[in-house]
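Listing of target05.pdb, PDB, C-alpha atoms
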```
MODEL        1
ATOM      1  CA  MET K   1     105.551  98.447  82.174  1.00  0.00           C
ATOM      2  CA  ASP K   2     105.358  99.106  85.913  1.00  0.00           C
ATOM      3  CA  ILE K   3     107.216  97.052  88.510  1.00  0.00           C
ATOM      4  CA  ASP K   4     106.577  97.460  92.235  1.00  0.00           C
ATOM      5  CA  ILE K   5     109.352  95.821  94.250  1.00  0.00           C
ATOM      6  CA  PHE K   6     108.515  94.965  97.842  1.00  0.00           C
ATOM      7  CA  SER K   7     111.759  94.550  99.743  1.00  0.00           C
ATOM      8  CA  ASP K   8     113.547  95.170 103.002  1.00  0.00           C
ATOM      9  CA  THR K   9     116.857  96.972 103.240  1.00  0.00           C
ATOM     10  CA  ILE K  10     118.375  94.209 105.395  1.00  0.00           C
ATOM     11  CA  CYS K  11     117.191  91.374 103.143  1.00  0.00           C
ATOM     12  CA  PRO K  12     120.182  89.837 101.328  1.00  0.00           C
ATOM     13  CA  TRP K  13     117.938  88.132  98.793  1.00  0.00           C
ATOM     14  CA  CYS K  14     116.543  91.561  97.910  1.00  0.00           C
ATOM     15  CA  PHE K  15     120.063  92.730  97.032  1.00  0.00           C
ATOM     16  CA  ILE K  16     120.545  89.605  94.930  1.00  0.00           C
ATOM     17  CA  GLY K  17     117.137  90.103  93.327  1.00  0.00           C
ATOM     18  CA  LYS K  18     118.004  93.689  92.427  1.00  0.00           C
ATOM     19  CA  ARG K  19     121.246  92.573  90.798  1.00  0.00           C
ATOM     20  CA  ARG K  20     119.434  89.889  88.792  1.00  0.00           C
ATOM     21  CA  LEU K  21     116.773  92.339  87.660  1.00  0.00           C
ATOM     22  CA  GLU K  22     119.533  94.671  86.504  1.00  0.00           C
ATOM     23  CA  ARG K  23     121.104  91.850  84.505  1.00  0.00           C
ATOM     24  CA  ALA K  24     117.743  91.060  82.937  1.00  0.00           C
ATOM     25  CA  LEU K  25     117.215  94.703  81.986  1.00  0.00           C
ATOM     26  CA  ALA K  26     120.740  94.961  80.570  1.00  0.00           C
ATOM     27  CA  GLU K  27     120.025  92.011  78.309  1.00  0.00           C
ATOM     28  CA  ARG K  28     116.471  93.045  77.449  1.00  0.00           C
ATOM     29  CA  PRO K  29     115.977  96.786  78.067  1.00  0.00           C
ATOM     30  CA  GLN K  30     112.432  97.969  78.744  1.00  0.00           C
ATOM     31  CA  PRO K  31     112.252 101.582  77.505  1.00  0.00           C
ATOM     32  CA  ASP K  32     108.919 102.447  79.150  1.00  0.00           C
ATOM     33  CA  LEU K  33     109.704 100.866  82.491  1.00  0.00           C
ATOM     34  CA  THR K  34     108.746 102.476  85.808  1.00  0.00           C
ATOM     35  CA  ILE K  35     110.072 100.915  89.031  1.00  0.00           C
ATOM     36  CA  HIS K  36     108.817 101.740  92.520  1.00  0.00           C
ATOM     37  CA  TRP K  37     110.475 100.340  95.640  1.00  0.00           C
ATOM     38  CA  ARG K  38     107.915  99.406  98.288  1.00  0.00           C
ATOM     39  CA  ALA K  39     108.368  98.850 102.019  1.00  0.00           C
ATOM     40  CA  PHE K  40     108.315  95.496 103.763  1.00  0.00           C
ATOM     41  CA  GLN K  41     109.851  94.883 107.180  1.00  0.00           C
ATOM     42  CA  LEU K  42     111.209  91.432 107.884  1.00  0.00           C
ATOM     43  CA  ASN K  43     111.289  92.347 111.581  1.00  0.00           C
ATOM     44  CA  PRO K  44     108.381  94.748 112.181  1.00  0.00           C
ATOM     45  CA  ASP K  45     108.727  94.345 115.956  1.00  0.00           C
ATOM     46  CA  MET K  46     112.427  95.241 116.011  1.00  0.00           C
ATOM     47  CA  PRO K  47     113.218  97.839 118.722  1.00  0.00           C
ATOM     48  CA  ALA K  48     113.635 101.349 117.340  1.00  0.00           C
ATOM     49  CA  GLY K  49     117.371 101.323 118.072  1.00  0.00           C
ATOM     50  CA  GLY K  50     117.936  97.917 116.536  1.00  0.00           C
ATOM     51  CA  MET K  51     119.522  94.945 118.238  1.00  0.00           C
ATOM     52  CA  ASP K  52     122.953  93.482 118.872  1.00  0.00           C
ATOM     53  CA  ARG K  53     123.709  91.139 115.989  1.00  0.00           C
ATOM     54  CA  SER K  54     124.494  88.098 118.142  1.00  0.00           C
ATOM     55  CA  GLN K  55     121.249  88.544 120.083  1.00  0.00           C
ATOM     56  CA  TYR K  56     119.343  88.852 116.807  1.00  0.00           C
ATOM     57  CA  LEU K  57     120.870  85.660 115.403  1.00  0.00           C
ATOM     58  CA  GLU K  58     120.007  83.829 118.606  1.00  0.00           C
ATOM     59  CA  LEU K  59     116.374  84.942 118.488  1.00  0.00           C
ATOM     60  CA  LYS K  60     115.929  84.558 114.739  1.00  0.00           C
ATOM     61  CA  PHE K  61     117.877  81.374 114.019  1.00  0.00           C
ATOM     62  CA  GLY K  62     118.721  79.836 117.379  1.00  0.00           C
ATOM     63  CA  GLY K  63     122.322  81.010 117.316  1.00  0.00           C
ATOM     64  CA  ALA K  64     125.190  81.945 115.026  1.00  0.00           C
ATOM     65  CA  SER K  65     125.964  78.364 113.988  1.00  0.00           C
ATOM     66  CA  ASN K  66     122.431  77.814 112.683  1.00  0.00           C
ATOM     67  CA  ALA K  67     122.523  81.179 110.935  1.00  0.00           C
ATOM     68  CA  GLU K  68     125.836  80.283 109.310  1.00  0.00           C
ATOM     69  CA  ALA K  69     124.299  77.371 107.429  1.00  0.00           C
ATOM     70  CA  ILE K  70     121.585  79.651 106.053  1.00  0.00           C
ATOM     71  CA  TYR K  71     123.994  82.441 105.184  1.00  0.00           C
ATOM     72  CA  ASP K  72     126.290  80.022 103.355  1.00  0.00           C
ATOM     73  CA  GLN K  73     123.551  79.660 100.735  1.00  0.00           C
ATOM     74  CA  VAL K  74     123.152  83.417 100.556  1.00  0.00           C
ATOM     75  CA  ARG K  75     126.912  83.919 100.200  1.00  0.00           C
ATOM     76  CA  ALA K  76     127.058  81.444  97.330  1.00  0.00           C
ATOM     77  CA  ALA K  77     124.201  83.177  95.523  1.00  0.00           C
ATOM     78  CA  GLY K  78     125.785  86.555  96.205  1.00  0.00           C
ATOM     79  CA  GLU K  79     129.144  85.478  94.814  1.00  0.00           C
ATOM     80  CA  SER K  80     127.447  84.448  91.580  1.00  0.00           C
ATOM     81  CA  GLU K  81     126.203  88.039  91.281  1.00  0.00           C
ATOM     82  CA  GLY K  82     129.443  89.709  92.324  1.00  0.00           C
ATOM     83  CA  ILE K  83     128.234  90.515  95.846  1.00  0.00           C
ATOM     84  CA  ASP K  84     130.648  89.955  98.732  1.00  0.00           C
ATOM     85  CA  PHE K  85     128.401  89.927 101.788  1.00  0.00           C
ATOM     86  CA  ALA K  86     130.040  91.163 105.010  1.00  0.00           C
ATOM     87  CA  PHE K  87     127.876  89.174 107.431  1.00  0.00           C
ATOM     88  CA  GLU K  88     130.767  88.412 109.785  1.00  0.00           C
ATOM     89  CA  ARG K  89     131.494  92.134 110.309  1.00  0.00           C
ATOM     90  CA  MET K  90     127.940  93.171 111.187  1.00  0.00           C
ATOM     91  CA  LYS K  91     127.565  94.377 114.783  1.00  0.00           C
ATOM     92  CA  ARG K  92     123.896  95.352 114.844  1.00  0.00           C
ATOM     93  CA  THR K  93     120.677  94.475 113.091  1.00  0.00           C
ATOM     94  CA  PRO K  94     118.732  97.704 112.623  1.00  0.00           C
ATOM     95  CA  ASN K  95     115.093  98.607 112.622  1.00  0.00           C
ATOM     96  CA  THR K  96     114.538  99.453 108.961  1.00  0.00           C
ATOM     97  CA  ILE K  97     111.689 101.946 109.140  1.00  0.00           C
ATOM     98  CA  ASP K  98     113.993 104.972 108.737  1.00  0.00           C
ATOM     99  CA  SER K  99     115.709 103.439 105.725  1.00  0.00           C
ATOM    100  CA  HIS K 100     112.300 102.862 104.141  1.00  0.00           C
ATOM    101  CA  ARG K 101     111.333 106.433 104.962  1.00  0.00           C
ATOM    102  CA  LEU K 102     114.475 107.569 103.164  1.00  0.00           C
ATOM    103  CA  ILE K 103     113.562 105.524 100.084  1.00  0.00           C
ATOM    104  CA  ARG K 104     110.132 107.172  99.980  1.00  0.00           C
ATOM    105  CA  HIS K 105     111.753 110.577 100.452  1.00  0.00           C
ATOM    106  CA  ALA K 106     114.065 109.880  97.513  1.00  0.00           C
ATOM    107  CA  ALA K 107     111.101 109.093  95.266  1.00  0.00           C
ATOM    108  CA  ASN K 108     109.739 112.575  95.969  1.00  0.00           C
ATOM    109  CA  ALA K 109     113.068 114.364  95.597  1.00  0.00           C
ATOM    110  CA  ALA K 110     113.449 116.488  92.481  1.00  0.00           C
ATOM    111  CA  PRO K 111     114.645 116.020  89.864  1.00  0.00           C
ATOM    112  CA  GLN K 112     114.277 112.429  88.680  1.00  0.00           C
ATOM    113  CA  GLY K 113     112.671 110.972  91.793  1.00  0.00           C
ATOM    114  CA  GLN K 114     112.480 107.433  90.442  1.00  0.00           C
ATOM    115  CA  GLY K 115     116.190 107.379  89.639  1.00  0.00           C
ATOM    116  CA  ARG K 116     117.059 108.777  93.039  1.00  0.00           C
ATOM    117  CA  GLN K 117     114.991 106.072  94.719  1.00  0.00           C
ATOM    118  CA  ASP K 118     116.881 103.271  92.974  1.00  0.00           C
ATOM    119  CA  ALA K 119     120.188 104.947  93.794  1.00  0.00           C
ATOM    120  CA  VAL K 120     119.258 105.224  97.480  1.00  0.00           C
ATOM    121  CA  VAL K 121     118.264 101.545  97.610  1.00  0.00           C
ATOM    122  CA  GLN K 122     121.648 100.639  96.117  1.00  0.00           C
ATOM    123  CA  ALA K 123     123.504 102.903  98.538  1.00  0.00           C
ATOM    124  CA  LEU K 124     121.695 101.302 101.485  1.00  0.00           C
ATOM    125  CA  PHE K 125     122.493  97.785 100.274  1.00  0.00           C
ATOM    126  CA  ASP K 126     126.145  98.763  99.807  1.00  0.00           C
ATOM    127  CA  ALA K 127     126.350 100.320 103.272  1.00  0.00           C
ATOM    128  CA  TYR K 128     124.760  97.407 105.088  1.00  0.00           C
ATOM    129  CA  PHE K 129     125.844  94.349 103.146  1.00  0.00           C
ATOM    130  CA  LEU K 130     129.266  95.380 101.820  1.00  0.00           C
ATOM    131  CA  ARG K 131     130.526  97.682 104.593  1.00  0.00           C
ATOM    132  CA  ALA K 132     128.520  96.288 107.549  1.00  0.00           C
ATOM    133  CA  GLU K 133     127.304  99.753 108.546  1.00  0.00           C
ATOM    134  CA  ASP K 134     124.286 100.338 110.780  1.00  0.00           C
ATOM    135  CA  ILE K 135     121.591 101.659 108.449  1.00  0.00           C
ATOM    136  CA  GLY K 136     119.473 102.504 111.463  1.00  0.00           C
ATOM    137  CA  ASP K 137     121.973 105.303 112.242  1.00  0.00           C
ATOM    138  CA  PRO K 138     120.818 108.684 110.865  1.00  0.00           C
ATOM    139  CA  GLU K 139     124.380 109.617 109.897  1.00  0.00           C
ATOM    140  CA  VAL K 140     124.798 106.425 107.899  1.00  0.00           C
ATOM    141  CA  LEU K 141     121.473 107.131 106.204  1.00  0.00           C
ATOM    142  CA  ALA K 142     122.492 110.717 105.434  1.00  0.00           C
ATOM    143  CA  ALA K 143     125.735 109.461 103.902  1.00  0.00           C
ATOM    144  CA  ALA K 144     123.807 106.959 101.781  1.00  0.00           C
ATOM    145  CA  ALA K 145     121.496 109.736 100.623  1.00  0.00           C
ATOM    146  CA  ALA K 146     124.452 111.916  99.661  1.00  0.00           C
ATOM    147  CA  GLU K 147     125.992 108.995  97.771  1.00  0.00           C
ATOM    148  CA  ALA K 148     122.738 108.752  95.813  1.00  0.00           C
ATOM    149  CA  GLY K 149     122.776 112.450  94.973  1.00  0.00           C
ATOM    150  CA  LEU K 150     120.473 113.816  97.670  1.00  0.00           C
ATOM    151  CA  ASP K 151     121.324 116.691  99.976  1.00  0.00           C
ATOM    152  CA  ALA K 152     122.732 115.333 103.252  1.00  0.00           C
ATOM    153  CA  GLU K 153     121.529 118.226 105.424  1.00  0.00           C
ATOM    154  CA  GLU K 154     118.042 118.067 103.961  1.00  0.00           C
ATOM    155  CA  THR K 155     118.065 114.334 104.602  1.00  0.00           C
ATOM    156  CA  ARG K 156     119.069 114.829 108.241  1.00  0.00           C
ATOM    157  CA  ALA K 157     116.167 117.235 108.726  1.00  0.00           C
ATOM    158  CA  PHE K 158     113.792 114.769 107.094  1.00  0.00           C
ATOM    159  CA  LEU K 159     114.991 111.889 109.261  1.00  0.00           C
ATOM    160  CA  ALA K 160     114.679 114.005 112.411  1.00  0.00           C
ATOM    161  CA  SER K 161     110.952 114.273 111.697  1.00  0.00           C
ATOM    162  CA  ASP K 162     108.452 111.430 111.559  1.00  0.00           C
ATOM    163  CA  ALA K 163     107.510 112.156 107.940  1.00  0.00           C
ATOM    164  CA  GLU K 164     106.490 109.096 105.931  1.00  0.00           C
ATOM    165  CA  ALA K 165     106.646 106.781 108.973  1.00  0.00           C
ATOM    166  CA  GLU K 166     102.936 106.001 108.872  1.00  0.00           C
ATOM    167  CA  ALA K 167     103.068 105.596 105.103  1.00  0.00           C
ATOM    168  CA  VAL K 168     105.819 102.983 105.502  1.00  0.00           C
ATOM    169  CA  ARG K 169     103.814 101.084 108.108  1.00  0.00           C
ATOM    170  CA  ALA K 170     100.702 101.252 105.956  1.00  0.00           C
ATOM    171  CA  GLU K 171     102.572  99.963 102.912  1.00  0.00           C
ATOM    172  CA  ASP K 172     104.019  97.079 104.930  1.00  0.00           C
ATOM    173  CA  LYS K 173     100.557  96.255 106.292  1.00  0.00           C
ATOM    174  CA  SER K 174      98.923  96.364 102.861  1.00  0.00           C
ATOM    175  CA  ALA K 175     101.595  94.032 101.478  1.00  0.00           C
ATOM    176  CA  ARG K 176     100.859  91.465 104.173  1.00  0.00           C
ATOM    177  CA  GLN K 177      97.118  91.818 103.618  1.00  0.00           C
ATOM    178  CA  ALA K 178      97.714  91.162  99.919  1.00  0.00           C
ATOM    179  CA  GLY K 179      99.436  87.891 100.808  1.00  0.00           C
ATOM    180  CA  ILE K 180     103.084  88.915 100.583  1.00  0.00           C
ATOM    181  CA  SER K 181     104.962  87.038 103.287  1.00  0.00           C
ATOM    182  CA  GLY K 182     108.524  87.231 102.005  1.00  0.00           C
ATOM    183  CA  VAL K 183     110.713  89.451  99.873  1.00  0.00           C
ATOM    184  CA  PRO K 184     111.771  90.353  97.301  1.00  0.00           C
ATOM    185  CA  CYS K 185     108.385  90.311  95.617  1.00  0.00           C
ATOM    186  CA  PHE K 186     108.020  91.854  92.175  1.00  0.00           C
ATOM    187  CA  ILE K 187     104.566  93.009  91.064  1.00  0.00           C
ATOM    188  CA  PHE K 188     104.249  93.568  87.324  1.00  0.00           C
ATOM    189  CA  ASN K 189     101.601  96.057  86.168  1.00  0.00           C
ATOM    190  CA  GLY K 190      99.863  95.788  89.522  1.00  0.00           C
ATOM    191  CA  GLN K 191      98.672  92.264  88.746  1.00  0.00           C
ATOM    192  CA  HIS K 192     101.335  89.587  88.406  1.00  0.00           C
ATOM    193  CA  ALA K 193     103.469  88.716  91.423  1.00  0.00           C
ATOM    194  CA  LEU K 194     106.857  87.027  91.294  1.00  0.00           C
ATOM    195  CA  ALA K 195     108.294  86.194  94.711  1.00  0.00           C
ATOM    196  CA  GLY K 196     111.990  85.532  95.134  1.00  0.00           C
ATOM    197  CA  ALA K 197     115.323  86.500  93.570  1.00  0.00           C
ATOM    198  CA  HIS K 198     114.905  84.847  90.178  1.00  0.00           C
ATOM    199  CA  ALA K 199     117.306  84.520  87.274  1.00  0.00           C
ATOM    200  CA  PRO K 200     116.850  86.797  84.259  1.00  0.00           C
ATOM    201  CA  GLU K 201     115.280  83.972  82.243  1.00  0.00           C
ATOM    202  CA  VAL K 202     112.356  83.881  84.674  1.00  0.00           C
ATOM    203  CA  LEU K 203     112.016  87.655  84.669  1.00  0.00           C
ATOM    204  CA  PHE K 204     111.878  87.645  80.860  1.00  0.00           C
ATOM    205  CA  GLN K 205     108.615  85.697  81.046  1.00  0.00           C
ATOM    206  CA  LEU K 206     107.049  88.421  83.169  1.00  0.00           C
ATOM    207  CA  PHE K 207     108.455  91.105  80.849  1.00  0.00           C
ATOM    208  CA  ASP K 208     106.685  89.419  77.944  1.00  0.00           C
ATOM    209  CA  LEU K 209     103.406  89.073  79.819  1.00  0.00           C
ATOM    210  CA  ALA K 210     103.407  92.694  80.974  1.00  0.00           C
ATOM    211  CA  ASN K 211     104.342  93.982  77.529  1.00  0.00           C
ATOM    212  CA  GLN K 212     101.635  91.910  75.901  1.00  0.00           C
ATOM    213  CA  GLU K 213      99.044  93.395  78.251  1.00  0.00           C
ATOM    214  CA  ASP K 214     100.335  96.903  77.588  1.00  0.00           C
ATOM    215  CA  ALA K 215     100.026  96.313  73.843  1.00  0.00           C
ATOM    216  CA  GLU K 216      96.471  95.016  74.193  1.00  0.00           C
ATOM    217  CA  GLU K 217      95.456  98.075  76.209  1.00  0.00           C
ATOM    218  CA  ALA K 218      97.054 100.538  73.787  1.00  0.00           C
TER
ENDMDL
END
```
As structure tokens, the full file:
Amino acid sequence: MDIDIFSDTICPWCFIGKRRLERALAERPQPDLTIHWRAFQLNPDMPAGGMDRSQYLELKFGGASNAEAIYDQVRAAGESEGIDFAFERMKRTPNTIDSHRLIRHAANAAPQGQGRQDAVVQALFDAYFLRAEDIGDPEVLAAAAAEAGLDAEETRAFLASDAEAEAVRAEDKSARQAGISGVPCFIFNGQHALAGAHAPEVLFQLFDLANQEDAEEA
């Protein structure tokens, strides 16, 4: 089974969706599973250096009070998954292209690229959502890479280049052209899309469908 997960590194529902997928896999392991994390930018027009958090909330939601009502729902969902979101401590909202570049870099890092990619995604979620760090900062990204088992100096050199930037933009564009307008979005075996952070019971249905197709093709 193959799962492509379109997500953004500043999307709280993507963190929740990852946690729920992990619970589903813990309950019903999929031994031949391959997961690829794919790029989607919630704010593709974000300035390269990011934006002050209060300014972002004003532009995105009409102010902090309006955002609070939305984030209350996210907090409640996060608590049910053991995630303590640090929204109130966030100072900046970053442009996420470099974090997506890092995720692609991790997939190509040897050995065990797929495992490194998942570890980098987790490290980025932890940095941004739990510690309120600016994941647009190259040093924060290098630290996340090191936490995931990648070489920090090699990561700094990679981030100083523009490697994978066009690939990230192209992946984001192709997702939108395919009709993806929000994340997380899980694509099973390149055919069946499931949008949103669903409970394991919903994911089980897609597991069964994908496995049935794999069996029929074998």
*asked:* Show me, as a ChimeraX atom specification, the residues that have an atom within 9 Å of Phe125 of chain K when counting all atoms listed in the file, minus same-chain residues fewer than 3 positions from it.
replied: /K:9-12,14-15,120-122,128-130
Given the file shown, determine the residues that the PyMOL selection byres ((chain K and resi 123) around 12) selects; report them as a count of residues only.
34
**Prompt:** Residues picked by the PyMOL selection byres ((chain K and resi 182) around 9) here, as a VMD selection string?
**Reply:** chain K and resid 6 to 7 40 42 180 to 181 183 to 185 195 to 196
Given the selection you just returned, output its residues as a file containing C-alpha atoms, formatted as a PDB file, keeping the file's coordinate frame.
```
ATOM      1  CA  PHE K   6     108.515  94.965  97.842  1.00  0.00           C
ATOM      2  CA  SER K   7     111.759  94.550  99.743  1.00  0.00           C
ATOM      3  CA  PHE K  40     108.315  95.496 103.763  1.00  0.00           C
ATOM      4  CA  LEU K  42     111.209  91.432 107.884  1.00  0.00           C
ATOM      5  CA  ILE K 180     103.084  88.915 100.583  1.00  0.00           C
ATOM      6  CA  SER K 181     104.962  87.038 103.287  1.00  0.00           C
ATOM      7  CA  VAL K 183     110.713  89.451  99.873  1.00  0.00           C
ATOM      8  CA  PRO K 184     111.771  90.353  97.301  1.00  0.00           C
ATOM      9  CA  CYS K 185     108.385  90.311  95.617  1.00  0.00           C
ATOM     10  CA  ALA K 195     108.294  86.194  94.711  1.00  0.00           C
ATOM     11  CA  GLY K 196     111.990  85.532  95.134  1.00  0.00           C
TER      12      GLY K 196
END
```
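For the pair atom CA of Glu164 of chain K and atom CA of His105 of chain K, the interatomic distance is 7.7 Å.
Listed by chain and then by number, the residues chosen by the PyMOL selection byres ((chain K and resi 169) around 10) in this file are Ala39, Phe40, Gln41, Pro44, Ile97, His100, Arg101, Glu164, Ala165, Glu166, Ala167, Val168, Ala170, Glu171, Asp172, Lys173, Ser174 and Ala175 of chain K.
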List every residue of segment 52-89 of chain K that has an atom at most 10 Å from any atom of segment 18-37 of chain K, giving for each one its closest atom pair and the distance in Å to one decimal, counting all atoms listed in the file, sorted by chain and then by ascending residue number, as a Markdown table.
```
| residue | atom | partner | partner_atom | distance |
| --- | --- | --- | --- | --- |
| K:Gly78 | CA | K:Arg19 | CA | 9.3 |
| K:Glu81 | CA | K:Arg19 | CA | 6.7 |
| K:Gly82 | CA | K:Arg19 | CA | 8.8 |
| K:Ile83 | CA | K:Arg19 | CA | 8.9 |
```
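Among the candidates K:Val202, K:Val74, K:Ala210, K:Leu57, the residue lying nearest to Asn189 of chain K is K:Ala210 (atoms considered: only C-alpha atoms).
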Worksheet entry | Counting only C-alpha atoms, the residue of K:Ser54, K:Ile3, K:Gly63, K:Glu139 that sits nearest Ala193 of chain K |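 Selected residue with least distance to Ala193 of chain K: K:Ile3.
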The residue from K:Glu154, K:Met1, K:Glu68, K:Asn95 with the smallest atom-to-atom distance to Leu209 of chain K, counting all atoms listed in the file, is K:Met1
Centre, x/y/z edge lengths, axis-aligned box for segment 199-213 of chain K with 3 Å per side, as lines of an AutoDock Vina configuration file:
```
center_x = 108.2
center_y = 88.9
center_z = 81.6
size_x = 24.3
size_y = 16.1
size_z = 17.4
```
Have segment 78-96 of chain K completed to N, CA and C atoms, please, and pass it along as an mmCIF file, in the coordinates of the input.
```cif
data_model
loop_
_atom_site.group_PDB
_atom_site.id
_atom_site.type_symbol
_atom_site.label_atom_id
_atom_site.label_comp_id
_atom_site.auth_asym_id
_atom_site.auth_seq_id
_atom_site.Cartn_x
_atom_site.Cartn_y
_atom_site.Cartn_z
ATOM 1 N N GLY K 78 125.210 85.222 96.349
ATOM 2 C CA GLY K 78 125.785 86.555 96.205
ATOM 3 C C GLY K 78 127.053 86.548 95.369
ATOM 4 N N GLU K 79 127.903 85.570 95.586
ATOM 5 C CA GLU K 79 129.144 85.478 94.814
ATOM 6 C C GLU K 79 128.860 85.344 93.329
ATOM 7 N N SER K 80 127.792 84.621 92.992
ATOM 8 C CA SER K 80 127.447 84.448 91.580
ATOM 9 C C SER K 80 127.003 85.753 90.941
ATOM 10 N N GLU K 81 126.632 86.736 91.783
ATOM 11 C CA GLU K 81 126.203 88.039 91.281
ATOM 12 C C GLU K 81 127.225 89.130 91.574
ATOM 13 N N GLY K 82 128.406 88.735 92.030
ATOM 14 C CA GLY K 82 129.443 89.709 92.324
ATOM 15 C C GLY K 82 129.240 90.468 93.619
ATOM 16 N N ILE K 83 128.504 89.881 94.547
ATOM 17 C CA ILE K 83 128.234 90.515 95.846
ATOM 18 C C ILE K 83 129.020 89.791 96.932
ATOM 19 N N ASP K 84 129.843 90.523 97.649
ATOM 20 C CA ASP K 84 130.648 89.955 98.732
ATOM 21 C C ASP K 84 130.036 90.386 100.066
ATOM 22 N N PHE K 85 129.107 89.576 100.560
ATOM 23 C CA PHE K 85 128.401 89.927 101.788
ATOM 24 C C PHE K 85 129.351 89.951 102.994
ATOM 25 N N ALA K 86 129.181 90.978 103.834
ATOM 26 C CA ALA K 86 130.040 91.163 105.010
ATOM 27 C C ALA K 86 129.320 90.751 106.285
ATOM 28 N N PHE K 87 128.660 89.599 106.265
ATOM 29 C CA PHE K 87 127.876 89.174 107.431
ATOM 30 C C PHE K 87 128.712 89.113 108.707
ATOM 31 N N GLU K 88 129.938 88.627 108.590
ATOM 32 C CA GLU K 88 130.767 88.412 109.785
ATOM 33 C C GLU K 88 131.189 89.718 110.444
ATOM 34 N N ARG K 89 131.087 90.842 109.746
ATOM 35 C CA ARG K 89 131.494 92.134 110.309
ATOM 36 C C ARG K 89 130.321 92.938 110.865
ATOM 37 N N MET K 90 129.109 92.437 110.708
ATOM 38 C CA MET K 90 127.940 93.171 111.187
ATOM 39 C C MET K 90 127.859 93.118 112.710
ATOM 40 N N LYS K 91 127.651 94.275 113.325
ATOM 41 C CA LYS K 91 127.565 94.377 114.783
ATOM 42 C C LYS K 91 126.121 94.515 115.276
ATOM 43 N N ARG K 92 125.275 95.126 114.440
ATOM 44 C CA ARG K 92 123.896 95.352 114.844
ATOM 45 C C ARG K 92 122.963 95.016 113.694
ATOM 46 N N THR K 93 121.759 94.613 114.062
ATOM 47 C CA THR K 93 120.677 94.475 113.091
ATOM 48 C C THR K 93 119.716 95.622 113.347
ATOM 49 N N PRO K 94 119.524 96.496 112.373
ATOM 50 C CA PRO K 94 118.732 97.704 112.623
ATOM 51 C C PRO K 94 117.241 97.499 112.442
ATOM 52 N N ASN K 95 116.475 98.410 113.031
ATOM 53 C CA ASN K 95 115.093 98.607 112.622
ATOM 54 C C ASN K 95 115.161 99.337 111.278
ATOM 55 N N THR K 96 114.369 98.909 110.313
ATOM 56 C CA THR K 96 114.538 99.453 108.961
ATOM 57 C C THR K 96 113.531 100.537 108.585
#
```
